[in-house]
file final-v4.cif (mmCIF, C-alpha atoms and all ligand atoms)
data_input
#
loop_
_atom_site.label_atom_id
_atom_site.label_comp_id
_atom_site.auth_asym_id
_atom_site.auth_seq_id
_atom_site.Cartn_x
_atom_site.Cartn_y
_atom_site.Cartn_z
CA MET Y 1 1.04 -25.78 7.75
CA SER Y 2 1.20 -21.98 7.91
CA ALA Y 3 3.46 -19.15 6.75
CA PRO Y 4 6.69 -18.55 8.71
CA ARG Y 5 6.07 -16.47 11.81
CA SER Y 6 8.20 -13.50 10.72
CA LEU Y 7 6.33 -13.42 7.40
CA GLU Y 8 2.97 -13.41 9.22
CA ALA Y 9 4.21 -10.56 11.43
CA LEU Y 10 5.29 -8.57 8.37
CA ILE Y 11 1.89 -9.05 6.69
CA ASP Y 12 0.15 -7.94 9.91
CA ALA Y 13 2.27 -4.78 10.14
CA LEU Y 14 1.72 -3.88 6.47
CA ARG Y 15 -2.03 -4.40 6.85
CA LYS Y 16 -2.14 -1.54 9.36
CA LEU Y 17 -1.20 0.94 6.61
CA PRO Y 18 -4.14 3.01 5.34
CA GLY Y 19 -5.76 1.47 2.27
CA VAL Y 20 -3.95 -1.87 2.61
CA GLY Y 21 -5.99 -5.05 3.10
CA THR Y 22 -4.83 -8.59 3.85
CA ARG Y 23 -4.44 -9.45 0.18
CA SER Y 24 -2.28 -6.47 -0.76
CA ALA Y 25 -0.27 -6.75 2.48
CA SER Y 26 0.48 -10.33 1.53
CA ARG Y 27 1.46 -9.30 -2.01
CA MET Y 28 3.76 -6.57 -0.66
CA ALA Y 29 5.46 -8.96 1.77
CA MET Y 30 5.96 -11.63 -0.92
CA HIS Y 31 7.35 -9.03 -3.31
CA LEU Y 32 9.86 -7.70 -0.77
CA LEU Y 33 11.06 -11.16 0.26
CA GLN Y 34 11.17 -12.60 -3.24
CA HIS Y 35 12.42 -9.66 -5.31
CA ASP Y 36 13.54 -6.74 -3.17
CA ARG Y 37 15.19 -7.53 0.17
CA SER Y 38 17.31 -4.41 -0.07
CA GLY Y 39 14.05 -2.46 -0.55
CA ALA Y 40 12.81 -3.98 2.71
CA GLU Y 41 15.97 -2.78 4.48
CA VAL Y 42 15.70 0.69 2.95
CA LEU Y 43 12.04 0.96 3.98
CA ALA Y 44 12.81 -0.22 7.52
CA ARG Y 45 15.54 2.40 7.95
CA ALA Y 46 13.38 5.14 6.39
CA LEU Y 47 10.58 4.35 8.84
CA GLN Y 48 12.91 4.52 11.83
CA GLN Y 49 14.65 7.66 10.59
CA ALA Y 50 11.39 9.51 9.92
CA ALA Y 51 9.76 8.40 13.18
CA ALA Y 52 12.83 9.60 15.08
CA SER Y 53 13.39 12.93 13.38
CA VAL Y 54 10.13 14.32 12.00
CA ARG Y 55 8.18 16.55 14.39
CA HIS Y 56 5.78 19.47 14.22
CA CYS Y 57 6.96 23.05 13.72
CA SER Y 58 6.21 24.91 16.96
CA ARG Y 59 4.82 27.89 14.99
CA CYS Y 60 2.86 26.46 12.03
CA TYR Y 61 2.56 22.81 13.08
CA THR Y 62 3.72 21.41 9.72
CA PHE Y 63 6.15 18.48 9.61
CA THR Y 64 9.78 19.51 10.04
CA GLU Y 65 13.03 18.20 11.46
CA GLN Y 66 13.67 21.50 13.27
CA GLU Y 67 12.06 23.34 16.22
CA VAL Y 68 10.77 25.95 13.75
CA CYS Y 69 10.47 25.13 10.04
CA ASP Y 70 12.32 26.90 7.23
CA THR Y 71 9.16 28.61 6.00
CA CYS Y 72 8.40 30.15 9.39
CA LEU Y 73 12.04 31.24 9.70
CA ASP Y 74 12.05 32.90 6.27
CA THR Y 75 12.06 36.65 7.00
CA THR Y 76 11.45 37.55 3.35
CA ARG Y 77 7.87 36.24 3.59
CA ASP Y 78 4.84 38.43 4.26
CA ALA Y 79 4.07 37.82 7.95
CA THR Y 80 0.80 39.79 7.78
CA ARG Y 81 -0.91 36.97 5.84
CA LEU Y 82 -1.54 33.53 7.31
CA CYS Y 83 -2.89 30.71 5.14
CA VAL Y 84 -4.67 27.87 6.95
CA VAL Y 85 -4.44 24.44 5.26
CA GLU Y 86 -5.46 20.96 6.31
CA THR Y 87 -2.25 19.06 5.58
CA PRO Y 88 1.44 19.51 4.68
CA ALA Y 89 0.49 18.18 1.21
CA ASP Y 90 -2.01 21.03 0.78
CA GLN Y 91 0.69 23.46 1.92
CA LEU Y 92 3.07 22.09 -0.73
CA ALA Y 93 0.36 22.51 -3.40
CA MET Y 94 -0.12 26.17 -2.35
CA GLU Y 95 3.64 26.72 -2.48
CA ARG Y 96 3.93 25.21 -5.94
CA THR Y 97 1.53 27.84 -7.29
CA GLY Y 98 4.10 30.50 -6.41
CA ALA Y 99 1.14 32.82 -5.80
CA PHE Y 100 1.35 33.12 -2.03
CA GLN Y 101 4.17 34.83 -0.14
CA GLY Y 102 2.73 34.72 3.38
CA LEU Y 103 3.02 32.17 6.18
CA TYR Y 104 1.02 29.02 6.99
CA PHE Y 105 -0.80 27.22 9.73
CA VAL Y 106 -1.35 23.49 9.19
CA LEU Y 107 -4.37 21.99 10.96
CA MET Y 108 -3.20 18.41 10.43
CA GLY Y 109 -6.82 17.46 9.79
CA ARG Y 110 -10.27 18.96 9.56
CA LEU Y 111 -13.35 18.90 11.73
CA SER Y 112 -15.03 15.51 11.65
CA PRO Y 113 -17.34 15.19 14.67
CA LEU Y 114 -18.31 11.62 13.76
CA ASP Y 115 -14.64 10.61 14.00
CA GLY Y 116 -14.16 12.51 17.25
CA ILE Y 117 -12.13 15.26 15.55
CA GLY Y 118 -13.29 18.53 17.08
CA PRO Y 119 -11.84 22.05 17.39
CA ARG Y 120 -9.28 20.88 19.98
CA GLU Y 121 -7.93 18.09 17.74
CA ILE Y 122 -7.29 20.46 14.84
CA GLY Y 123 -5.55 22.93 17.16
CA LEU Y 124 -8.05 25.82 17.16
CA HIS Y 125 -6.42 27.32 20.27
CA LYS Y 126 -2.95 27.12 18.73
CA LEU Y 127 -4.29 28.81 15.59
CA MET Y 128 -5.91 31.60 17.65
CA ASP Y 129 -2.62 32.20 19.49
CA ARG Y 130 -0.68 32.17 16.23
CA ALA Y 131 -3.11 34.47 14.36
CA CYS Y 132 -3.27 36.97 17.23
CA ASP Y 133 0.46 37.69 17.32
CA GLY Y 134 -0.23 41.34 16.46
CA ILE Y 135 1.43 40.99 13.04
CA VAL Y 136 -1.07 38.83 11.14
CA GLN Y 137 -3.78 40.96 9.51
CA GLU Y 138 -5.48 38.49 7.19
CA VAL Y 139 -6.18 34.79 7.60
CA ILE Y 140 -6.83 32.94 4.34
CA LEU Y 141 -8.81 29.73 4.81
CA ALA Y 142 -7.63 27.11 2.30
CA THR Y 143 -9.39 24.05 3.71
CA SER Y 144 -11.03 21.61 1.29
CA PHE Y 145 -14.22 22.43 -0.55
CA THR Y 146 -15.91 19.37 0.90
CA ALA Y 147 -18.62 19.26 3.58
CA GLU Y 148 -16.04 18.76 6.34
CA GLY Y 149 -13.62 21.31 4.92
CA GLU Y 150 -16.40 23.91 4.61
CA ALA Y 151 -17.59 23.23 8.17
CA THR Y 152 -14.01 23.64 9.37
CA ALA Y 153 -13.65 26.93 7.51
CA HIS Y 154 -16.93 28.15 9.01
CA VAL Y 155 -15.91 27.38 12.60
CA LEU Y 156 -12.44 28.90 12.18
CA SER Y 157 -13.88 31.96 10.48
CA GLU Y 158 -16.35 32.66 13.32
CA ALA Y 159 -13.62 32.29 15.95
CA LEU Y 160 -11.06 34.42 14.10
CA LYS Y 161 -13.51 37.23 13.34
CA THR Y 162 -14.21 37.72 17.06
CA ARG Y 163 -10.54 38.76 17.33
CA GLY Y 164 -10.98 41.45 14.69
CA LEU Y 165 -8.96 39.63 12.03
CA ARG Y 166 -9.79 39.83 8.32
CA VAL Y 167 -10.80 36.31 7.25
CA THR Y 168 -10.96 35.26 3.59
CA ARG Y 169 -11.59 31.98 1.77
CA LEU Y 170 -10.15 30.66 -1.50
CA ALA Y 171 -12.60 31.44 -4.30
CA ARG Y 172 -14.92 28.72 -5.52
CA GLY Y 173 -15.30 28.57 -9.27
CA VAL Y 174 -14.80 26.74 -12.53
CA PRO Y 175 -11.44 24.93 -12.64
CA VAL Y 176 -8.97 26.28 -15.19
CA GLY Y 177 -9.16 24.20 -18.39
CA SER Y 178 -12.76 23.03 -17.84
CA GLU Y 179 -15.52 23.01 -20.42
CA ILE Y 180 -18.64 24.45 -18.79
CA GLU Y 181 -20.74 21.54 -20.06
CA TYR Y 182 -18.85 19.09 -17.86
CA VAL Y 183 -18.61 21.18 -14.67
CA ASP Y 184 -20.98 20.18 -11.86
CA LEU Y 185 -23.95 22.46 -11.35
CA GLY Y 186 -23.09 23.52 -7.80
CA THR Y 187 -19.71 24.78 -9.00
CA ILE Y 188 -21.31 26.73 -11.87
CA ALA Y 189 -23.83 28.28 -9.47
CA HIS Y 190 -21.04 29.39 -7.12
CA ALA Y 191 -18.95 30.73 -9.99
CA LEU Y 192 -21.94 32.72 -11.17
CA ALA Y 193 -22.61 34.18 -7.73
CA ASP Y 194 -18.93 35.06 -7.25
CA ARG Y 195 -18.52 36.46 -10.80
CA ARG Y 196 -16.11 39.37 -11.13
CA MET T 1 9.90 24.93 0.65
CA SER T 2 9.74 21.12 0.56
CA ALA T 3 8.93 18.22 2.89
CA PRO T 4 11.58 17.25 5.46
CA ARG T 5 14.24 15.01 3.97
CA SER T 6 13.45 11.97 6.10
CA LEU T 7 9.77 12.26 5.16
CA GLU T 8 10.68 12.40 1.46
CA ALA T 9 12.86 9.33 1.91
CA LEU T 10 10.01 7.46 3.61
CA ILE T 11 7.57 8.33 0.80
CA ASP T 12 10.15 7.16 -1.77
CA ALA T 13 10.63 3.84 0.02
CA LEU T 14 6.88 3.23 0.38
CA ARG T 15 6.35 4.04 -3.30
CA LYS T 16 8.49 1.02 -4.25
CA LEU T 17 5.88 -1.34 -2.78
CA PRO T 18 3.73 -3.05 -5.44
CA GLY T 19 0.47 -1.19 -6.10
CA VAL T 20 1.56 1.95 -4.23
CA GLY T 21 1.78 5.26 -6.11
CA THR T 22 3.10 8.62 -4.96
CA ARG T 23 -0.24 9.70 -3.58
CA SER T 24 -0.87 6.63 -1.45
CA ALA T 25 2.78 6.50 -0.33
CA SER T 26 2.37 10.06 0.87
CA ARG T 27 -0.89 9.21 2.65
CA MET T 28 0.75 6.22 4.36
CA ALA T 29 3.74 8.29 5.52
CA MET T 30 1.52 11.08 6.86
CA HIS T 31 -0.66 8.56 8.67
CA LEU T 32 2.30 6.86 10.33
CA LEU T 33 3.91 10.12 11.45
CA GLN T 34 0.69 11.78 12.54
CA HIS T 35 -1.24 8.91 14.10
CA ASP T 36 0.85 5.76 14.45
CA ARG T 37 4.55 6.18 15.21
CA SER T 38 4.59 2.92 17.13
CA GLY T 39 3.13 1.27 14.00
CA ALA T 40 6.09 2.65 12.05
CA GLU T 41 8.49 1.09 14.55
CA VAL T 42 6.65 -2.25 14.47
CA LEU T 43 6.68 -2.28 10.66
CA ALA T 44 10.39 -1.39 10.57
CA ARG T 45 11.28 -4.26 12.90
CA ALA T 46 8.99 -6.70 11.06
CA LEU T 47 10.72 -5.83 7.77
CA GLN T 48 14.18 -6.37 9.24
CA GLN T 49 13.17 -9.57 11.01
CA ALA T 50 11.54 -11.08 7.92
CA ALA T 51 14.35 -10.04 5.58
CA ALA T 52 16.88 -11.61 7.97
CA SER T 53 15.12 -14.88 8.72
CA VAL T 54 12.85 -15.87 5.82
CA ARG T 55 14.49 -18.03 3.17
CA HIS T 56 13.50 -20.71 0.67
CA CYS T 57 13.05 -24.34 1.66
CA SER T 58 15.84 -26.28 -0.01
CA ARG T 59 13.39 -29.01 -1.08
CA CYS T 60 10.14 -27.28 -2.09
CA TYR T 61 11.35 -23.68 -2.40
CA THR T 62 8.50 -22.20 -0.30
CA PHE T 63 9.22 -19.51 2.30
CA THR T 64 10.47 -20.90 5.60
CA GLU T 65 12.78 -19.95 8.46
CA GLN T 66 14.43 -23.39 8.35
CA GLU T 67 16.72 -25.20 5.92
CA VAL T 68 13.83 -27.56 5.11
CA CYS T 69 10.23 -26.53 5.83
CA ASP T 70 7.85 -28.32 8.23
CA THR T 71 5.74 -29.66 5.36
CA CYS T 72 8.71 -31.30 3.62
CA LEU T 73 9.86 -32.73 6.99
CA ASP T 74 6.42 -34.21 7.75
CA THR T 75 6.88 -37.98 7.31
CA THR T 76 3.12 -38.63 7.57
CA ARG T 77 2.53 -37.00 4.18
CA ASP T 78 2.28 -38.95 0.92
CA ALA T 79 5.69 -38.47 -0.72
CA THR T 80 4.55 -40.12 -3.96
CA ARG T 81 2.45 -37.07 -4.91
CA LEU T 82 3.96 -33.67 -5.63
CA CYS T 83 1.73 -30.62 -6.17
CA VAL T 84 3.24 -27.73 -8.16
CA VAL T 85 1.91 -24.27 -7.24
CA GLU T 86 2.94 -20.75 -8.24
CA THR T 87 3.18 -19.12 -4.82
CA PRO T 88 3.19 -19.86 -1.07
CA ALA T 89 -0.29 -18.27 -0.97
CA ASP T 90 -1.55 -20.86 -3.48
CA GLN T 91 0.05 -23.57 -1.35
CA LEU T 92 -1.81 -22.27 1.73
CA ALA T 93 -5.08 -22.31 -0.22
CA MET T 94 -4.49 -25.95 -1.23
CA GLU T 95 -3.68 -26.84 2.39
CA ARG T 96 -6.83 -25.18 3.67
CA THR T 97 -8.95 -27.52 1.52
CA GLY T 98 -7.64 -30.43 3.57
CA ALA T 99 -7.98 -32.50 0.39
CA PHE T 100 -4.27 -33.01 -0.40
CA GLN T 101 -1.88 -35.09 1.70
CA GLY T 102 1.14 -35.02 -0.60
CA LEU T 103 4.12 -32.66 -0.87
CA TYR T 104 4.62 -29.40 -2.76
CA PHE T 105 6.93 -27.59 -5.10
CA VAL T 106 6.54 -23.81 -5.20
CA LEU T 107 7.60 -22.14 -8.47
CA MET T 108 7.64 -18.64 -6.94
CA GLY T 109 6.19 -17.32 -10.18
CA ARG T 110 4.98 -18.50 -13.57
CA LEU T 111 6.30 -18.30 -17.08
CA SER T 112 6.05 -14.78 -18.44
CA PRO T 113 8.42 -14.40 -21.39
CA LEU T 114 7.56 -10.70 -21.84
CA ASP T 115 8.78 -10.04 -18.28
CA GLY T 116 11.89 -12.15 -18.79
CA ILE T 117 10.57 -14.98 -16.62
CA GLY T 118 11.51 -18.19 -18.38
CA PRO T 119 11.93 -21.84 -17.32
CA ARG T 120 15.15 -21.05 -15.42
CA GLU T 121 13.53 -18.28 -13.33
CA ILE T 122 10.72 -20.55 -12.15
CA GLY T 123 13.22 -23.28 -11.24
CA LEU T 124 12.39 -25.91 -13.87
CA HIS T 125 15.72 -27.70 -13.21
CA LYS T 126 15.08 -27.75 -9.45
CA LEU T 127 11.60 -29.15 -10.07
CA MET T 128 12.98 -31.87 -12.36
CA ASP T 129 15.54 -32.86 -9.72
CA ARG T 130 12.88 -32.86 -7.02
CA ALA T 131 10.31 -34.81 -9.04
CA CYS T 132 12.87 -37.42 -10.11
CA ASP T 133 13.84 -38.50 -6.60
CA GLY T 134 12.56 -42.00 -7.31
CA ILE T 135 9.71 -41.63 -4.81
CA VAL T 136 7.41 -39.17 -6.57
CA GLN T 137 5.00 -40.96 -8.92
CA GLU T 138 2.49 -38.24 -9.77
CA VAL T 139 2.99 -34.52 -10.29
CA ILE T 140 -0.21 -32.44 -9.93
CA LEU T 141 0.00 -29.10 -11.71
CA ALA T 142 -1.95 -26.47 -9.76
CA THR T 143 -0.80 -23.36 -11.59
CA SER T 144 -3.35 -20.64 -12.36
CA PHE T 145 -6.01 -21.09 -15.01
CA THR T 146 -4.82 -17.98 -16.81
CA ALA T 147 -2.91 -17.76 -20.09
CA GLU T 148 0.44 -17.63 -18.27
CA GLY T 149 -0.52 -20.30 -15.76
CA GLU T 150 -1.69 -22.63 -18.55
CA ALA T 151 1.48 -22.03 -20.55
CA THR T 152 3.52 -22.82 -17.44
CA ALA T 153 1.57 -26.03 -16.88
CA HIS T 154 2.11 -27.03 -20.51
CA VAL T 155 5.89 -26.54 -20.40
CA LEU T 156 6.24 -28.34 -17.05
CA SER T 157 4.02 -31.16 -18.24
CA GLU T 158 6.10 -31.76 -21.38
CA ALA T 159 9.35 -31.77 -19.40
CA LEU T 160 8.06 -34.04 -16.62
CA LYS T 161 6.51 -36.57 -19.01
CA THR T 162 9.88 -37.18 -20.67
CA ARG T 163 11.01 -38.57 -17.29
CA GLY T 164 8.16 -41.07 -17.20
CA LEU T 165 6.21 -39.31 -14.45
CA ARG T 166 2.42 -39.24 -14.32
CA VAL T 167 1.38 -35.60 -14.76
CA THR T 168 -2.13 -34.35 -13.88
CA ARG T 169 -3.81 -30.96 -13.78
CA LEU T 170 -6.51 -29.59 -11.45
CA ALA T 171 -9.90 -30.02 -13.14
CA ARG T 172 -11.47 -27.04 -14.86
CA GLY T 173 -15.16 -26.65 -14.22
CA VAL T 174 -18.03 -24.72 -12.74
CA PRO T 175 -17.14 -23.18 -9.34
CA VAL T 176 -19.10 -24.59 -6.40
CA GLY T 177 -22.06 -22.33 -5.61
CA SER T 178 -22.31 -20.89 -9.14
CA GLU T 179 -25.51 -20.49 -11.13
CA ILE T 180 -24.85 -21.75 -14.63
CA GLU T 181 -26.38 -18.62 -16.14
CA TYR T 182 -23.58 -16.47 -14.74
CA VAL T 183 -20.62 -18.75 -15.47
CA ASP T 184 -18.45 -17.69 -18.39
CA LEU T 185 -18.88 -19.72 -21.55
CA GLY T 186 -15.32 -21.04 -21.72
CA THR T 187 -15.72 -22.53 -18.24
CA ILE T 188 -19.02 -24.16 -19.18
CA ALA T 189 -17.49 -25.63 -22.33
CA HIS T 190 -14.57 -27.09 -20.33
CA ALA T 191 -16.90 -28.44 -17.66
CA LEU T 192 -18.96 -30.12 -20.37
CA ALA T 193 -15.91 -31.66 -22.02
CA ASP T 194 -14.58 -32.88 -18.64
CA ARG T 195 -17.99 -34.12 -17.43
CA ARG T 196 -17.94 -37.21 -15.22
ZN ZN C 201 6.56 26.41 10.58
ZN ZN C 202 9.67 -27.47 1.85
#
call {"tool": "encode", "arguments": {"input": "final-v4.cif", "output": "structure tokens"}}
result
Amino acid sequence: MSAPRSLEALIDALRKLPGVGTRSASRMAMHLLQHDRSGAEVLARALQQAAASVRHCSRCYTFTEQEVCDTCLDTTRDATRLCVVETPADQLAMERTGAFQGLYFVLMGRLSPLDGIGPREIGLHKLMDRACDGIVQEVILATSFTAEGEATAHVLSEALKTRGLRVTRLARGVPVGSEIEYVDLGTIAHALADRR
Amino acid sequence: MSAPRSLEALIDALRKLPGVGTRSASRMAMHLLQHDRSGAEVLARALQQAAASVRHCSRCYTFTEQEVCDTCLDTTRDATRLCVVETPADQLAMERTGAFQGLYFVLMGRLSPLDGIGPREIGLHKLMDRACDGIVQEVILATSFTAEGEATAHVLSEALKTRGLRVTRLARGVPVGSEIEYVDLGTIAHALADRR
């Protein structure tokens, strides 16, 4: 005795999602079949629709359904500043601050030599072409403050500086709302060094 | 600026899966679009295929693609014993032991009054009809050994006994491979009371 073949196939497909093991794939499949068949249909159509229509903006490489995304097309933005982020989610977070009026370049990853993700995979050449359009004056590196994100920022910074561009990095420091007592020591040390 | 509409729709649909929040739904969608578009297609088809072809066995209520499942159709099994489990996964676990040759009834849940899951939702009437076919002599309750699973077993047991059926329950006891020192006290007490 075993599960029906189409149920096995569904569990296999769900298990390929990041962070989903056999047990949770099985729970998801059971839930959909037992309680939410219309949810299964909606998810199937959403997958097909997104796979068919989402592509990368030819200028900033973020996800879009157009050749060039709305942000890149927005002529009211400051085209002299280019902010480099790892993912579309990071770009959205920057936008939500309302503090940045320039344009973006989305790496769609960060350097991770152990995983085979080098300068080519994160589009270093595309970024160099984009940043050297003669309009961009400052490139703001907003990659993560992790080992990989810092290494990425370092490599990009070296490459961009050779082209005479001004390269800056988001400030490290104590997060807003933190009590000093609970902030990790490395952060305090950086905040002290970068005091203003 | 916001994510493309079809990407938003995909994240929304993924977020409806059990155990998936906004953040992991977003990570799943990004992963599929960035690294595994064929995986998105495979998952979409698996969802549609399973939703279209998986139904409940008319005799034991487990998932099957047939009117009556292979297990219920298997004439070599002992039709005098009926094992009641909560889910198809529990049924598979019982089958893998190789220790049970009888038939099954799958509740597809357990009593949970706070969630509105009462005797009707777990198919008490269907179970009574099934168990009173004149062939079944013993009903083995293999619901979970949790508060809800025990309550379910109690209610089923009371109902089945009124029809003159022999009702048994899986033994509680010390799991195979356990050191007594690390077994919880309730389990030890039950194993002592049920000693043999
Ligand atoms: Zn763009
Ligand atoms: Zn059946």
call {"tool": "closest_residue", "arguments": {"input": "final-v4.cif", "among": "T:Ser2, T:Thr143, T:Gln48, T:Thr97", "to": "Glu65 of chain Y", "atoms": "all atoms listed in the file"}}
result
T:Ser2
call {"tool": "residues_around", "arguments": {"input": "final-v4.cif", "residues": "segment 88-95 of chain T", "least_positions_apart": "4", "cutoff": "9 Å", "atoms": "all atoms listed in the file", "output": "PDB file with C-alpha atoms, in the coordinates of the input"}}
result
ATOM      1  CA  MET Y   1       1.040 -25.780   7.750  1.00  0.00           C
ATOM      2  CA  SER Y   2       1.200 -21.980   7.910  1.00  0.00           C
ATOM      3  CA  ALA Y   3       3.460 -19.150   6.750  1.00  0.00           C
ATOM      4  CA  SER Y  26       0.480 -10.330   1.530  1.00  0.00           C
ATOM      5  CA  MET Y  30       5.960 -11.630  -0.920  1.00  0.00           C
TER       6      MET Y  30
ATOM      7  CA  THR T  62       8.500 -22.200  -0.300  1.00  0.00           C
ATOM      8  CA  PHE T  63       9.220 -19.510   2.300  1.00  0.00           C
ATOM      9  CA  CYS T  83       1.730 -30.620  -6.170  1.00  0.00           C
ATOM     10  CA  VAL T  84       3.240 -27.730  -8.160  1.00  0.00           C
ATOM     11  CA  ALA T  99      -7.980 -32.500   0.390  1.00  0.00           C
ATOM     12  CA  PHE T 100      -4.270 -33.010  -0.400  1.00  0.00           C
ATOM     13  CA  GLN T 101      -1.880 -35.090   1.700  1.00  0.00           C
ATOM     14  CA  TYR T 104       4.620 -29.400  -2.760  1.00  0.00           C
ATOM     15  CA  PHE T 105       6.930 -27.590  -5.100  1.00  0.00           C
ATOM     16  CA  VAL T 106       6.540 -23.810  -5.200  1.00  0.00           C
ATOM     17  CA  LEU T 107       7.600 -22.140  -8.470  1.00  0.00           C
ATOM     18  CA  MET T 108       7.640 -18.640  -6.940  1.00  0.00           C
ATOM     19  CA  ALA T 142      -1.950 -26.470  -9.760  1.00  0.00           C
ATOM     20  CA  THR T 143      -0.800 -23.360 -11.590  1.00  0.00           C
TER      21      THR T 143
END
call {"tool": "residues_around", "arguments": {"input": "final-v4.cif", "residues": "Arg5 of chain T", "least_positions_apart": "5", "cutoff": "10 Å", "atoms": "all atoms listed in the file", "output": "list in words"}}
result
Gln49, Ala50, Ser53, Val54, Thr64 and Glu65 of chain Y; Leu10 and Ile11 of chain T
call {"tool": "atom_distance", "arguments": {"input": "final-v4.cif", "atom1": "atom CA of Val139 of chain T", "atom2": "atom CA of Val167 of chain T"}}
result
4.9 Å
call {"tool": "residues_near_ligand", "arguments": {"input": "final-v4.cif", "ligand": "ligand ZN 201 (chain C)", "cutoff": "6 Å", "atoms": "all atoms listed in the file", "output": "VMD selection string"}}
result
chain Y and resid 57 59 to 62 68 to 69 71 to 72
call {"tool": "atom_distance", "arguments": {"input": "final-v4.cif", "atom1": "atom CA of Asp194 of chain Y", "atom2": "atom CA of Arg169 of chain Y"}}
result
12.0 Å
call {"tool": "residues_around", "arguments": {"input": "final-v4.cif", "residues": "Ala151 of chain Y", "least_positions_apart": "6", "cutoff": "9 Å", "atoms": "only C-alpha atoms", "output": "PDB file with C-alpha atoms, keeping the file's coordinate frame"}}
result
ATOM      1  CA  ARG Y 110     -10.270  18.960   9.560  1.00  0.00           C
ATOM      2  CA  LEU Y 111     -13.350  18.900  11.730  1.00  0.00           C
ATOM      3  CA  SER Y 112     -15.030  15.510  11.650  1.00  0.00           C
TER       4      SER Y 112
END
call {"tool": "residues_around", "arguments": {"input": "final-v4.cif", "residues": "Thr162 of chain Y", "least_positions_apart": "5", "cutoff": "12 Å", "atoms": "all atoms listed in the file", "output": "ChimeraX atom specification"}}
result
/Y:128,131-132,155-157,167
call {"tool": "residues_near_point", "arguments": {"input": "final-v4.cif", "point": "(5.6, 40.2, 1.6)", "cutoff": "12 Å", "atoms": "all atoms listed in the file", "output": "ChimeraX atom specification"}}
result
/Y:74-82,99-103,136
call {"tool": "atom_distance", "arguments": {"input": "final-v4.cif", "atom1": "atom CA of Glu121 of chain T", "atom2": "atom CA of Val85 of chain T"}}
result
14.4 Å
call {"tool": "closest_residue", "arguments": {"input": "final-v4.cif", "among": "T:Gln66, T:Gln34, T:Ser6, T:Gln137", "to": "ligand ZN 202 (chain C)", "atoms": "only C-alpha atoms and all ligand atoms"}}
result
T:Gln66
call {"tool": "closest_residue", "arguments": {"input": "final-v4.cif", "among": "T:Arg55, T:Gly39, T:Gly19, T:Ala44", "to": "ligand ZN 202 (chain C)", "atoms": "all atoms listed in the file"}}
result
T:Arg55
call {"tool": "residues_near_point", "arguments": {"input": "final-v4.cif", "point": "(11.6, 4.7, -0.4)", "cutoff": "12 Å", "atoms": "all atoms listed in the file", "output": "PyMOL selection string"}}
result
(chain Y and resi 36+38-47+49-50) or (chain T and resi 5-17+20-22+25-26+28-29)
call {"tool": "closest_residue", "arguments": {"input": "final-v4.cif", "among": "T:Leu124, T:Arg195, T:Pro18, T:Arg130", "to": "ligand ZN 202 (chain C)", "atoms": "only C-alpha atoms and all ligand atoms"}}
result
T:Arg130
call {"tool": "closest_residue", "arguments": {"input": "final-v4.cif", "among": "Y:Gly149, Y:Glu181, Y:Gly109, Y:Ser58", "to": "chain T", "atoms": "only C-alpha atoms"}}
result
Y:Gly109
call {"tool": "residues_around", "arguments": {"input": "final-v4.cif", "residues": "Pro113 of chain Y", "least_positions_apart": "6", "cutoff": "12 Å", "atoms": "only C-alpha atoms", "output": "PDB file with C-alpha atoms, in the frame of the given file"}}
result
ATOM      1  CA  PRO Y 119     -11.840  22.050  17.390  1.00  0.00           C
ATOM      2  CA  ARG Y 120      -9.280  20.880  19.980  1.00  0.00           C
ATOM      3  CA  GLU Y 121      -7.930  18.090  17.740  1.00  0.00           C
ATOM      4  CA  ILE Y 122      -7.290  20.460  14.840  1.00  0.00           C
ATOM      5  CA  ALA Y 147     -18.620  19.260   3.580  1.00  0.00           C
ATOM      6  CA  GLU Y 148     -16.040  18.760   6.340  1.00  0.00           C
ATOM      7  CA  ALA Y 151     -17.590  23.230   8.170  1.00  0.00           C
ATOM      8  CA  THR Y 152     -14.010  23.640   9.370  1.00  0.00           C
TER       9      THR Y 152
END
call {"tool": "closest_residue", "arguments": {"input": "final-v4.cif", "among": "Y:Thr87, Y:Arg163, Y:Ile117, Y:Pro4", "to": "ligand ZN 202 (chain C)", "atoms": "only C-alpha atoms and all ligand atoms"}}
result
Y:Pro4
